[in-house]
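A.B. asks: Okay, so here is coords05.pdb, and as you'll see once you scroll down, it has PDB, C-alpha atoms.
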ATOM      1  CA  MET A   1     -16.701   8.836 -20.288
ATOM      2  CA  LYS A   2     -18.341   9.191 -16.899
ATOM      3  CA  ILE A   3     -18.081   5.821 -15.194
ATOM      4  CA  LEU A   4     -19.295   4.505 -11.839
ATOM      5  CA  VAL A   5     -16.802   2.169 -10.183
ATOM      6  CA  THR A   6     -18.259   0.369  -7.191
ATOM      7  CA  GLY A   7     -15.877  -1.059  -4.624
ATOM      8  CA  ALA A   8     -13.417   1.718  -5.501
ATOM      9  CA  ALA A   9     -11.554   1.263  -2.212
ATOM     10  CA  GLY A  10     -11.140  -2.438  -2.932
ATOM     11  CA  PHE A  11      -8.142  -4.175  -4.443
ATOM     12  CA  ILE A  12      -9.326  -4.512  -8.045
ATOM     13  CA  GLY A  13     -11.588  -1.461  -7.831
ATOM     14  CA  MET A  14      -8.767   0.930  -6.936
ATOM     15  CA  HIS A  15      -6.507  -0.326  -9.711
ATOM     16  CA  VAL A  16      -9.282  -0.206 -12.334
ATOM     17  CA  ALA A  17     -10.352   3.296 -11.280
ATOM     18  CA  LYS A  18      -6.749   4.492 -11.479
ATOM     19  CA  ARG A  19      -6.267   3.109 -14.979
ATOM     20  CA  LEU A  20      -9.499   4.727 -16.197
ATOM     21  CA  LEU A  21      -8.527   8.056 -14.610
ATOM     22  CA  GLU A  22      -5.103   7.901 -16.229
ATOM     23  CA  ARG A  23      -6.693   7.724 -19.660
ATOM     24  CA  GLY A  24      -8.971  10.676 -18.915
ATOM     25  CA  ASP A  25     -12.312   9.203 -17.832
ATOM     26  CA  GLU A  26     -14.375  10.828 -15.087
ATOM     27  CA  ILE A  27     -14.807   8.367 -12.229
ATOM     28  CA  VAL A  28     -17.274   8.325  -9.362
ATOM     29  CA  GLY A  29     -16.154   5.688  -6.888
ATOM     30  CA  ILE A  30     -18.322   4.282  -4.129
ATOM     31  CA  ASP A  31     -17.499   1.925  -1.279
ATOM     32  CA  ASN A  32     -19.001   1.242   2.155
ATOM     33  CA  LEU A  33     -15.532   0.854   3.737
ATOM     34  CA  ASN A  34     -16.695  -2.084   5.862
ATOM     35  CA  ASP A  35     -14.455  -3.875   8.329
ATOM     36  CA  TYR A  36     -14.258  -7.289   6.638
ATOM     37  CA  TYR A  37     -10.559  -6.451   6.730
ATOM     38  CA  ASP A  38      -8.733  -3.385   8.077
ATOM     39  CA  PRO A  39     -10.409  -0.249   6.642
ATOM     40  CA  LYS A  40      -7.049   1.530   6.897
ATOM     41  CA  LEU A  41      -5.916  -0.409   3.836
ATOM     42  CA  LYS A  42      -9.012   0.736   1.955
ATOM     43  CA  LEU A  43      -8.395   4.349   2.927
ATOM     44  CA  ALA A  44      -4.763   4.026   1.844
ATOM     45  CA  ARG A  45      -5.927   2.775  -1.550
ATOM     46  CA  LEU A  46      -8.231   5.778  -1.910
ATOM     47  CA  GLU A  47      -5.233   8.032  -1.275
ATOM     48  CA  GLN A  48      -3.825   6.694  -4.559
ATOM     49  CA  LEU A  49      -6.854   8.122  -6.388
ATOM     50  CA  LYS A  50      -7.249  11.501  -4.679
ATOM     51  CA  PRO A  51      -4.640  13.320  -6.829
ATOM     52  CA  PHE A  52      -6.862  12.868  -9.902
ATOM     53  CA  GLU A  53      -9.122  15.867 -10.509
ATOM     54  CA  LYS A  54     -11.757  13.728 -12.228
ATOM     55  CA  PHE A  55     -12.184  11.375  -9.261
ATOM     56  CA  THR A  56     -15.027  11.702  -6.770
ATOM     57  CA  PHE A  57     -15.475   9.322  -3.845
ATOM     58  CA  ILE A  58     -18.771   8.743  -2.058
ATOM     59  CA  LYS A  59     -19.070   6.470   0.959
ATOM     60  CA  MET A  60     -22.140   4.403   0.185
ATOM     61  CA  ASP A  61     -23.529   0.898   0.602
ATOM     62  CA  ILE A  62     -24.908  -0.683  -2.566
ATOM     63  CA  ALA A  63     -27.522  -2.411  -0.393
ATOM     64  CA  ASP A  64     -29.031   1.019   0.401
ATOM     65  CA  ARG A  65     -31.810   1.244  -2.171
ATOM     66  CA  ASP A  66     -32.686   4.923  -1.721
ATOM     67  CA  ALA A  67     -29.064   6.046  -1.838
ATOM     68  CA  MET A  68     -28.414   4.046  -4.981
ATOM     69  CA  GLU A  69     -31.503   5.393  -6.737
ATOM     70  CA  GLN A  70     -30.450   8.965  -5.916
ATOM     71  CA  LEU A  71     -26.881   8.304  -7.071
ATOM     72  CA  PHE A  72     -27.936   7.086 -10.524
ATOM     73  CA  ALA A  73     -30.487   9.880 -10.944
ATOM     74  CA  ARG A  74     -27.993  12.573  -9.960
ATOM     75  CA  GLU A  75     -24.792  11.469 -11.683
ATOM     76  CA  ARG A  76     -26.001  10.249 -15.086
ATOM     77  CA  PHE A  77     -23.272   7.687 -15.700
ATOM     78  CA  GLN A  78     -22.531   6.308 -19.130
ATOM     79  CA  ARG A  79     -21.069   3.005 -17.966
ATOM     80  CA  VAL A  80     -20.787   1.047 -14.723
ATOM     81  CA  VAL A  81     -17.954  -1.183 -13.522
ATOM     82  CA  HIS A  82     -19.398  -3.061 -10.568
ATOM     83  CA  LEU A  83     -16.664  -4.546  -8.365
ATOM     84  CA  ALA A  84     -18.225  -4.117  -4.918
ATOM     85  CA  ALA A  85     -19.145  -7.363  -3.190
ATOM     86  CA  GLN A  86     -18.759  -9.280   0.004
ATOM     87  CA  ALA A  87     -15.764 -11.415  -0.891
ATOM     88  CA  GLY A  88     -14.309 -14.574   0.598
ATOM     89  CA  VAL A  89     -15.283 -18.215   0.248
ATOM     90  CA  ARG A  90     -14.498 -19.242   3.825
ATOM     91  CA  TYR A  91     -16.122 -16.180   5.385
ATOM     92  CA  SER A  92     -19.382 -17.065   3.605
ATOM     93  CA  ILE A  93     -19.571 -20.280   5.625
ATOM     94  CA  LYS A  94     -19.699 -18.281   8.859
ATOM     95  CA  ASN A  95     -21.582 -15.148   7.804
ATOM     96  CA  PRO A  96     -24.070 -16.053   5.064
ATOM     97  CA  HIS A  97     -26.519 -13.181   5.566
ATOM     98  CA  VAL A  98     -24.071 -10.445   4.618
ATOM     99  CA  TYR A  99     -23.498 -12.141   1.240
ATOM    100  CA  ILE A 100     -27.185 -11.976   0.371
ATOM    101  CA  GLN A 101     -27.404  -8.291   1.310
ATOM    102  CA  SER A 102     -24.327  -7.197  -0.606
ATOM    103  CA  ASN A 103     -24.095  -9.642  -3.494
ATOM    104  CA  ILE A 104     -27.783 -10.190  -4.253
ATOM    105  CA  VAL A 105     -29.715  -7.175  -2.928
ATOM    106  CA  GLY A 106     -26.873  -4.795  -3.791
ATOM    107  CA  PHE A 107     -26.560  -6.201  -7.293
ATOM    108  CA  LEU A 108     -30.302  -5.764  -7.852
ATOM    109  CA  HIS A 109     -29.915  -2.067  -7.044
ATOM    110  CA  ILE A 110     -27.096  -1.819  -9.597
ATOM    111  CA  LEU A 111     -29.233  -3.498 -12.253
ATOM    112  CA  GLU A 112     -32.207  -1.261 -11.508
ATOM    113  CA  GLY A 113     -30.039   1.851 -11.693
ATOM    114  CA  CYS A 114     -28.651   0.750 -15.057
ATOM    115  CA  ARG A 115     -32.105  -0.126 -16.358
ATOM    116  CA  HIS A 116     -33.755   3.171 -15.464
ATOM    117  CA  HIS A 117     -30.899   5.464 -16.491
ATOM    118  CA  GLN A 118     -29.895   4.163 -19.930
ATOM    119  CA  ILE A 119     -26.473   2.845 -18.934
ATOM    120  CA  GLU A 120     -24.539   1.893 -22.079
ATOM    121  CA  HIS A 121     -22.740  -1.070 -20.513
ATOM    122  CA  LEU A 122     -22.605  -2.804 -17.135
ATOM    123  CA  VAL A 123     -19.423  -4.757 -16.405
ATOM    124  CA  TYR A 124     -19.568  -6.751 -13.174
ATOM    125  CA  ALA A 125     -17.350  -9.064 -11.165
ATOM    126  CA  SER A 126     -18.158 -12.734 -11.122
ATOM    127  CA  SER A 127     -15.725 -15.366  -9.853
ATOM    128  CA  SER A 128     -13.934 -18.571 -10.784
ATOM    129  CA  SER A 129     -15.674 -20.056  -7.740
ATOM    130  CA  VAL A 130     -18.854 -20.490  -9.837
ATOM    131  CA  TYR A 131     -17.236 -23.584 -11.388
ATOM    132  CA  GLY A 132     -17.670 -25.368  -8.063
ATOM    133  CA  MET A 133     -17.699 -29.131  -8.593
ATOM    134  CA  ASN A 134     -16.674 -28.894 -12.264
ATOM    135  CA  THR A 135     -13.625 -31.038 -13.000
ATOM    136  CA  LYS A 136     -13.138 -30.593 -16.776
ATOM    137  CA  MET A 137     -10.058 -28.431 -17.285
ATOM    138  CA  PRO A 138      -9.553 -25.721 -18.306
ATOM    139  CA  PHE A 139     -12.749 -24.109 -17.048
ATOM    140  CA  SER A 140     -14.717 -22.758 -20.010
ATOM    141  CA  VAL A 141     -17.536 -20.222 -20.101
ATOM    142  CA  SER A 142     -19.282 -22.688 -22.404
ATOM    143  CA  ASP A 143     -19.576 -25.157 -19.505
ATOM    144  CA  ASN A 144     -22.588 -25.277 -17.206
ATOM    145  CA  VAL A 145     -21.896 -24.098 -13.651
ATOM    146  CA  ASP A 146     -24.771 -25.519 -11.668
ATOM    147  CA  HIS A 147     -22.958 -27.005  -8.663
ATOM    148  CA  PRO A 148     -21.358 -24.282  -6.507
ATOM    149  CA  VAL A 149     -19.747 -25.393  -3.229
ATOM    150  CA  SER A 150     -20.002 -22.130  -1.250
ATOM    151  CA  LEU A 151     -22.647 -19.474  -0.755
ATOM    152  CA  TYR A 152     -20.218 -16.903  -2.151
ATOM    153  CA  ALA A 153     -20.053 -18.901  -5.391
ATOM    154  CA  ALA A 154     -23.847 -19.226  -5.434
ATOM    155  CA  THR A 155     -24.261 -15.454  -5.171
ATOM    156  CA  LYS A 156     -21.882 -14.919  -8.083
ATOM    157  CA  LYS A 157     -23.747 -17.424 -10.245
ATOM    158  CA  SER A 158     -26.935 -15.619  -9.224
ATOM    159  CA  ASN A 159     -25.447 -12.333 -10.425
ATOM    160  CA  GLU A 160     -24.865 -13.838 -13.859
ATOM    161  CA  LEU A 161     -28.467 -15.067 -14.009
ATOM    162  CA  MET A 162     -29.841 -11.721 -12.831
ATOM    163  CA  ALA A 163     -27.724  -9.860 -15.392
ATOM    164  CA  HIS A 164     -28.967 -12.100 -18.183
ATOM    165  CA  THR A 165     -32.552 -11.437 -17.182
ATOM    166  CA  TYR A 166     -32.024  -7.672 -17.423
ATOM    167  CA  SER A 167     -30.167  -8.019 -20.718
ATOM    168  CA  HIS A 168     -33.099 -10.044 -22.075
ATOM    169  CA  LEU A 169     -35.963  -7.971 -20.660
ATOM    170  CA  TYR A 170     -34.542  -4.457 -20.996
ATOM    171  CA  ASN A 171     -31.826  -4.810 -23.657
ATOM    172  CA  LEU A 172     -29.236  -3.778 -21.070
ATOM    173  CA  PRO A 173     -25.721  -4.749 -22.265
ATOM    174  CA  THR A 174     -23.998  -6.673 -19.466
ATOM    175  CA  THR A 175     -20.640  -8.432 -19.218
ATOM    176  CA  GLY A 176     -19.620 -10.672 -16.335
ATOM    177  CA  LEU A 177     -15.965 -11.371 -15.555
ATOM    178  CA  ARG A 178     -14.988 -14.530 -13.709
ATOM    179  CA  PHE A 179     -11.805 -13.534 -11.888
ATOM    180  CA  PHE A 180      -9.178 -16.170 -11.134
ATOM    181  CA  THR A 181      -7.074 -15.743  -7.927
ATOM    182  CA  VAL A 182      -5.968 -12.131  -8.302
ATOM    183  CA  TYR A 183      -2.830 -10.974  -6.486
ATOM    184  CA  GLY A 184      -0.452  -8.014  -6.477
ATOM    185  CA  PRO A 185       0.318  -4.713  -4.715
ATOM    186  CA  TRP A 186      -2.533  -3.358  -2.578
ATOM    187  CA  GLY A 187      -4.025  -6.874  -2.495
ATOM    188  CA  ARG A 188      -6.561  -8.228  -0.034
ATOM    189  CA  PRO A 189      -5.058  -9.370   3.288
ATOM    190  CA  ASP A 190      -7.374 -12.400   3.441
ATOM    191  CA  MET A 191      -5.849 -13.921   0.294
ATOM    192  CA  ALA A 192      -3.245 -16.666   0.499
ATOM    193  CA  VAL A 193      -0.430 -14.795  -1.285
ATOM    194  CA  TYR A 194      -0.751 -11.853   1.119
ATOM    195  CA  ILE A 195      -1.082 -14.055   4.219
ATOM    196  CA  PHE A 196       1.871 -16.226   3.224
ATOM    197  CA  THR A 197       4.124 -13.272   2.398
ATOM    198  CA  LYS A 198       3.638 -11.505   5.710
ATOM    199  CA  ALA A 199       3.918 -14.704   7.719
ATOM    200  CA  ILE A 200       7.151 -15.789   6.017
ATOM    201  CA  LEU A 201       8.739 -12.375   6.514
ATOM    202  CA  GLU A 202       7.693 -12.323  10.172
ATOM    203  CA  GLY A 203       8.833 -15.891  10.829
ATOM    204  CA  ARG A 204       5.334 -17.224  11.495
ATOM    205  CA  PRO A 205       4.014 -20.556  10.140
ATOM    206  CA  ILE A 206       1.647 -20.659   7.159
ATOM    207  CA  ASP A 207      -1.422 -22.906   6.965
ATOM    208  CA  VAL A 208      -1.242 -25.057   3.824
ATOM    209  CA  TYR A 209      -4.646 -26.627   3.193
ATOM    210  CA  ASN A 210      -5.233 -30.027   1.608
ATOM    211  CA  ASN A 211      -1.574 -30.691   2.366
ATOM    212  CA  GLY A 212      -0.674 -28.426  -0.535
ATOM    213  CA  ASN A 213      -2.381 -30.606  -3.150
ATOM    214  CA  MET A 214      -4.221 -27.793  -4.922
ATOM    215  CA  GLU A 215      -3.720 -25.718  -8.065
ATOM    216  CA  ARG A 216      -4.659 -22.112  -8.692
ATOM    217  CA  ASP A 217      -4.608 -19.895 -11.768
ATOM    218  CA  PHE A 218      -2.789 -16.977 -10.094
ATOM    219  CA  THR A 219      -3.378 -13.758 -12.048
ATOM    220  CA  TYR A 220      -1.431 -10.539 -11.545
ATOM    221  CA  ILE A 221      -3.421  -7.361 -10.965
ATOM    222  CA  ASP A 222      -2.023  -5.470 -13.980
ATOM    223  CA  ASP A 223      -3.252  -8.220 -16.318
ATOM    224  CA  ILE A 224      -6.668  -8.177 -14.643
ATOM    225  CA  VAL A 225      -6.969  -4.397 -15.010
ATOM    226  CA  GLU A 226      -6.020  -4.525 -18.687
ATOM    227  CA  GLY A 227      -8.762  -7.073 -19.276
ATOM    228  CA  VAL A 228     -11.397  -5.130 -17.337
ATOM    229  CA  VAL A 229     -10.688  -1.891 -19.188
ATOM    230  CA  ARG A 230     -10.743  -3.567 -22.585
ATOM    231  CA  VAL A 231     -14.043  -5.273 -21.774
ATOM    232  CA  THR A 232     -15.563  -2.008 -20.531
ATOM    233  CA  ASP A 233     -14.902  -0.536 -23.961
ATOM    234  CA  LYS A 234     -16.523  -3.453 -25.805
ATOM    235  CA  ILE A 235     -20.291  -3.398 -25.510
ATOM    236  CA  PRO A 236     -21.654  -6.925 -26.020
ATOM    237  CA  ALA A 237     -23.944  -7.651 -28.934
ATOM    238  CA  PRO A 238     -26.500 -10.447 -29.144
ATOM    239  CA  ASN A 239     -25.157 -13.732 -30.475
ATOM    240  CA  PRO A 240     -27.083 -14.356 -33.718
ATOM    241  CA  ASP A 241     -25.991 -18.004 -33.780
ATOM    242  CA  TRP A 242     -27.264 -18.821 -30.286
ATOM    243  CA  SER A 243     -29.835 -21.607 -30.137
ATOM    244  CA  ALA A 244     -31.709 -23.187 -27.278
ATOM    245  CA  GLU A 245     -30.928 -26.658 -28.629
ATOM    246  CA  HIS A 246     -27.170 -26.084 -28.275
ATOM    247  CA  ALA A 247     -27.164 -23.309 -25.707
ATOM    248  CA  ASP A 248     -23.864 -21.549 -25.023
ATOM    249  CA  PRO A 249     -23.920 -20.342 -21.381
ATOM    250  CA  GLY A 250     -21.291 -17.702 -22.143
ATOM    251  CA  SER A 251     -23.420 -15.775 -24.632
ATOM    252  CA  SER A 252     -27.074 -15.148 -25.463
ATOM    253  CA  PRO A 253     -29.537 -13.777 -28.022
ATOM    254  CA  ALA A 254     -29.566 -10.815 -25.601
ATOM    255  CA  PRO A 255     -26.634  -8.332 -25.284
ATOM    256  CA  TYR A 256     -24.951 -10.479 -22.628
ATOM    257  CA  LYS A 257     -21.485 -11.993 -22.252
ATOM    258  CA  VAL A 258     -19.491 -13.841 -19.610
ATOM    259  CA  TYR A 259     -15.701 -14.200 -19.760
ATOM    260  CA  ASN A 260     -13.002 -15.904 -17.748
ATOM    261  CA  ILE A 261     -10.186 -13.548 -16.839
ATOM    262  CA  GLY A 262      -7.160 -15.446 -15.590
ATOM    263  CA  ASN A 263      -3.560 -16.313 -16.347
ATOM    264  CA  HIS A 264      -4.415 -19.535 -18.241
ATOM    265  CA  SER A 265      -1.568 -21.215 -16.352
ATOM    266  CA  PRO A 266      -2.464 -23.141 -13.180
ATOM    267  CA  VAL A 267       0.284 -23.478 -10.577
ATOM    268  CA  LYS A 268       0.565 -26.044  -7.800
ATOM    269  CA  LEU A 269       0.215 -24.451  -4.384
ATOM    270  CA  MET A 270       3.595 -25.794  -3.287
ATOM    271  CA  THR A 271       5.202 -24.314  -6.407
ATOM    272  CA  MET A 272       3.698 -20.920  -5.582
ATOM    273  CA  ILE A 273       5.095 -21.168  -2.044
ATOM    274  CA  GLU A 274       8.556 -22.089  -3.363
ATOM    275  CA  THR A 275       8.454 -19.174  -5.824
ATOM    276  CA  LEU A 276       7.413 -16.841  -3.015
ATOM    277  CA  GLU A 277      10.237 -18.155  -0.808
ATOM    278  CA  ASN A 278      12.702 -17.349  -3.601
ATOM    279  CA  ALA A 279      11.238 -13.866  -4.009
ATOM    280  CA  LEU A 280      11.581 -13.204  -0.276
ATOM    281  CA  GLY A 281      14.879 -14.995   0.216
ATOM    282  CA  LYS A 282      13.401 -16.825   3.181
ATOM    283  CA  LYS A 283      11.874 -20.261   3.796
ATOM    284  CA  ALA A 284       8.299 -20.781   5.010
ATOM    285  CA  ILE A 285       7.357 -22.726   8.124
ATOM    286  CA  LYS A 286       4.557 -24.916   6.790
ATOM    287  CA  ASN A 287       1.584 -26.184   8.794
ATOM    288  CA  PHE A 288      -0.151 -28.809   6.637
ATOM    289  CA  LEU A 289      -3.915 -29.078   7.122
ATOM    290  CA  PRO A 290      -6.851 -30.938   5.477
ATOM    291  CA  MET A 291      -9.113 -29.445   2.813
ATOM    292  CA  GLN A 292     -11.438 -26.685   4.022
ATOM    293  CA  ALA A 293     -15.161 -26.584   3.330
ATOM    294  CA  GLY A 294     -15.965 -24.503   0.240
ATOM    295  CA  ASP A 295     -12.511 -24.906  -1.342
ATOM    296  CA  VAL A 296     -11.960 -26.517  -4.742
ATOM    297  CA  MET A 297      -9.036 -28.666  -5.864
ATOM    298  CA  ALA A 298      -8.007 -26.624  -8.885
ATOM    299  CA  THR A 299      -8.804 -23.584 -11.017
ATOM    300  CA  TYR A 300      -7.683 -23.136 -14.615
ATOM    301  CA  ALA A 301      -9.080 -20.419 -16.876
ATOM    302  CA  ASP A 302      -9.798 -20.910 -20.561
ATOM    303  CA  VAL A 303      -9.440 -17.284 -21.704
ATOM    304  CA  SER A 304      -9.790 -17.935 -25.446
ATOM    305  CA  SER A 305     -13.082 -16.067 -25.793
ATOM    306  CA  LEU A 306     -11.664 -13.018 -24.001
ATOM    307  CA  ALA A 307      -8.573 -13.147 -26.195
ATOM    308  CA  THR A 308     -10.734 -13.305 -29.330
ATOM    309  CA  SER A 309     -13.066 -10.510 -28.227
ATOM    310  CA  VAL A 310     -10.637  -7.925 -26.836
ATOM    311  CA  GLY A 311      -7.139  -9.276 -27.445
ATOM    312  CA  PHE A 312      -6.576 -10.194 -23.811
ATOM    313  CA  ALA A 313      -3.196 -11.825 -23.166
ATOM    314  CA  PRO A 314      -1.776 -12.085 -19.629
ATOM    315  CA  ARG A 315       1.853 -10.932 -19.582
ATOM    316  CA  THR A 316       3.030 -11.292 -15.982
ATOM    317  CA  SER A 317       4.757 -14.499 -14.898
ATOM    318  CA  LEU A 318       4.237 -15.775 -11.361
ATOM    319  CA  ASN A 319       7.905 -15.141 -10.603
ATOM    320  CA  MET A 320       7.742 -11.504 -11.696
ATOM    321  CA  GLY A 321       4.374 -10.918 -10.051
ATOM    322  CA  LEU A 322       5.476 -12.299  -6.701
ATOM    323  CA  LEU A 323       8.681 -10.248  -6.817
ATOM    324  CA  GLN A 324       6.596  -7.103  -7.323
ATOM    325  CA  PHE A 325       4.210  -8.062  -4.537
ATOM    326  CA  ALA A 326       7.006  -8.962  -2.117
ATOM    327  CA  ARG A 327       8.617  -5.572  -2.753
ATOM    328  CA  TRP A 328       5.341  -3.797  -2.008
ATOM    329  CA  VAL A 329       4.761  -5.711   1.246
ATOM    330  CA  THR A 330       8.285  -5.130   2.563
ATOM    331  CA  GLU A 331       8.059  -1.425   1.791
ATOM    332  CA  ARG A 332       4.553  -0.958   3.191
ATOM    333  CA  PHE A 333       5.206  -2.747   6.460
ATOM    334  CA  ASP A 334       8.932  -1.999   6.669
ATOM    335  CA  ILE A 335       9.660  -5.727   7.052
ATOM    336  CA  ARG A 336      13.068  -7.066   6.141
ATOM    337  CA  SER A 337      13.840 -10.713   5.635
TER     338      SER A 337
END
Spit out the file's structure as structure tokens when you get a sec.
C.D. replies:
Amino acid sequence: MKILVTGAAGFIGMHVAKRLLERGDEIVGIDNLNDYYDPKLKLARLEQLKPFEKFTFIKMDIADRDAMEQLFARERFQRVVHLAAQAGVRYSIKNPHVYIQSNIVGFLHILEGCRHHQIEHLVYASSSSVYGMNTKMPFSVSDNVDHPVSLYAATKKSNELMAHTYSHLYNLPTTGLRFFTVYGPWGRPDMAVYIFTKAILEGRPIDVYNNGNMERDFTYIDDIVEGVVRVTDKIPAPNPDWSAEHADPGSSPAPYKVYNIGNHSPVKLMTMIETLENALGKKAIKNFLPMQAGDVMATYADVSSLATSVGFAPRTSLNMGLLQFARWVTERFDIRS
């Protein structure tokens, strides 16, 4: 198939594009290569994709309406995997406007391109952050998510609503994936696992928020990619049993689905740090701090619907995943503990 992967220089985007290329798909990857974090890492990720003959990269901003319209008209994609976004919960507190441009305006341009060019299936990134103030565990796609606690989360919930509208109005098949704390080689340097690993190796202290009293459903990148690819191949059908009286937020009478994609195994933050210390063979210097605005106490993915639909089953333990990540960091930065 010919597939557009947005955010192809990003962490998940690069890995997904590589997996699709390995199985023979033709991939057009776009990314604006912004400086939210060091663009050198993004360029290094793209180097992993350049050897593939069926890969084309175009530097482009999804918020550029004219460029996006021309891209869809010219390339005639069959499917779209939309992973480009302005990421980061804490950054959204300080820089709200960029989230609206990228995550709302940019997503509208994706939807319009899919609508006007008969895209078979749009798969897009949502986030576990949409659960916000929810406290019932594990988080289920059948739960309402009406109380986000960051603008980033609000934009991701908005994406789900916008996608449903296009599925309903234009019969556009859309699938949203709520990612849960993704980590692994080539990961984002603003994420805790990456920050902690480098700091521990370099002998610098790590900031442990809420005094470490948090839980996260850490999910290894290979498991995430397997789920994304399987979902891309499964075009959603309308749910014939859906009713307004007992509405299921995860499905619809339109060709629309939302799934959690996580490890289904929440880990205490202090346990993750201890596991990382073991992987590195070095103890962390911990700086305990209060809870930060926009953070949530815990995340825990109910992935039963994804398992039923596409056979998703995460396979990578935290111990194995952190060992793989630690190896990548030490090799990339030539750091020795």
A.B. asks: Please write as a PyMOL selection string the full residue list that the PyMOL selection byres ((chain A and resi 178) around 7) yields on this file.
C.D. replies: chain A and resi 125-128+176-177+179-180+259-261
A.B. asks: Report, as lines of an AutoDock Vina configuration file, the axis-aligned box around all atoms of region 44-49 of chain A present in the file, extended by 6 Å on each side; give centre and edge lengths in Å to one decimal place.
C.D. replies:
center_x = -6.0
center_y = 5.4
center_z = -2.3
size_x = 16.4
size_y = 17.3
size_z = 20.2
A.B. asks: Considering all atoms listed in the file, return as a list of chain:residue names whatever protein or nucleic-acid residues lie within 7 Å of region 309-322 of chain A, sequence-local ones (same chain, fewer than 6 positions apart) excluded.
C.D. replies: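 In the requested format, the answer is A:Gly184, A:Tyr220, A:Asp223, A:Gly227, A:Arg230, A:Val231, A:Asn263, A:Thr275, A:Leu276, A:Ala279.
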A.B. asks: Can you work out which one of A:Arg204, A:Lys157, A:Lys286, A:Lys198 has the shortest atom-to-atom distance to Asp334 (chain A), counting all atoms listed in the file?
C.D. replies: A:Lys198
A.B. asks: Please, what distance in Å, to one decimal, runs between CA of Glu202 (chain A) and CA of Tyr37 (chain A)?
C.D. replies: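 Going from CA of Glu202 (chain A) over to CA of Tyr37 (chain A) covers 19.5 Å.
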A.B. asks: Would you please work out which residue, of A:Ala85, A:Val267, A:Val228, A:Ile3, is nearest to Gln101 (chain A) when using all atoms listed in the file?
C.D. replies: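 Of A:Ala85, A:Val267, A:Val228, A:Ile3, the one nearest Gln101 (chain A), counting all atoms listed in the file, is A:Ala85.
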A.B. asks: Using the chain letters and residue numbers of this document, give as JSON, numbers by chain the residues selected by the PyMOL selection byres ((chain A and resi 182) around 9).
C.D. replies: {"A": [12, 179, 180, 181, 183, 184, 187, 191, 217, 218, 219, 220, 221, 224, 262]}
A.B. asks: Tell me which residues the PyMOL selection byres ((chain A and resi 246-257) around 7) grabs here, as a ChimeraX atom specification.
C.D. replies: /A:141-144,164,167-168,171-176,236-240,242-245,258-259
A.B. asks: To one decimal place in Å, what is the distance between CA of Thr56 (chain A) and CA of Asp31 (chain A)?
C.D. replies: 11.5 Å
A.B. asks: CA of Pro205 (chain A) to CA of Phe333 (chain A): how many Å, to one decimal?
C.D. replies: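 Between these atoms lies a distance of 18.2 Å.
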A.B. asks: Using all atoms listed in the file, which of the listed residues (A:Met270, A:Met60, A:Ala192, A:Leu41) sits closest to Asn211 (chain A)?
C.D. replies: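 Among the listed residues, the smallest separation from Asn211 (chain A) belongs to A:Met270.
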A.B. asks: Using only C-alpha atoms, which of the listed residues (A:Leu201, A:Val105, A:Ile30, A:Ala293) sits closest to Leu83 (chain A)?
C.D. replies: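 Comparing A:Leu201, A:Val105, A:Ile30, A:Ala293 against Leu83 (chain A), the winner is A:Ile30.
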A.B. asks: Which one is closest to Ile200 (chain A): A:Cys114, A:Ala326, A:Val5, A:Leu289? Count only C-alpha atoms.
C.D. replies: A:Ala326
A.B. asks: Just checking: using only C-alpha atoms, which residue out of A:Leu111, A:Ala63, A:Met291, A:Met68 ends up closest to Tyr209 (chain A)?
C.D. replies: A:Met291
A.B. asks: Which polymer residues have any atom within 12 Å of an atom of Asn34 (chain A), counting all atoms listed in the file, with same-chain residues fewer than 6 positions away left out, as a list in words?
C.D. replies: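 My list of contacting residues is Gly7, Ala9, Gly10, Lys40, Leu41, Lys42, Leu43, Lys59, Met60, Asp61, Ile62, Ala84, Ala85, Gln86, Ala87, Val98 and Ser102 of chain A.
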A.B. asks: Write out as a list in words each polymer residue whose atoms come within 12 Å of Gln70 (chain A), counting all atoms listed in the file; drop sequence neighbours fewer than 2 positions from it.
C.D. replies: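 Near neighbours after the sequence-gap exclusion: Met60, Ile62, Asp64, Arg65, Asp66, Ala67, Met68, Phe72, Ala73, Arg74, Glu75, Arg76, His109, Ile110, Glu112, Gly113, His116 and His117 of chain A.
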A.B. asks: Leaving out Leu46 (chain A) and any residue of its chain fewer than 6 positions from it, which residues lie within 10 Å of it when counting all atoms listed in the file, given as an mmCIF file with C-alpha atoms, in the coordinates of the input?
C.D. replies:
data_model
loop_
_atom_site.group_PDB
_atom_site.id
_atom_site.type_symbol
_atom_site.label_atom_id
_atom_site.label_comp_id
_atom_site.auth_asym_id
_atom_site.auth_seq_id
_atom_site.Cartn_x
_atom_site.Cartn_y
_atom_site.Cartn_z
ATOM 1 C CA ALA A 8 -13.417 1.718 -5.501
ATOM 2 C CA ALA A 9 -11.554 1.263 -2.212
ATOM 3 C CA GLY A 10 -11.140 -2.438 -2.932
ATOM 4 C CA GLY A 13 -11.588 -1.461 -7.831
ATOM 5 C CA MET A 14 -8.767 0.930 -6.936
ATOM 6 C CA ALA A 17 -10.352 3.296 -11.280
ATOM 7 C CA LYS A 18 -6.749 4.492 -11.479
ATOM 8 C CA GLY A 29 -16.154 5.688 -6.888
ATOM 9 C CA LYS A 40 -7.049 1.530 6.897
ATOM 10 C CA PHE A 57 -15.475 9.322 -3.845
#
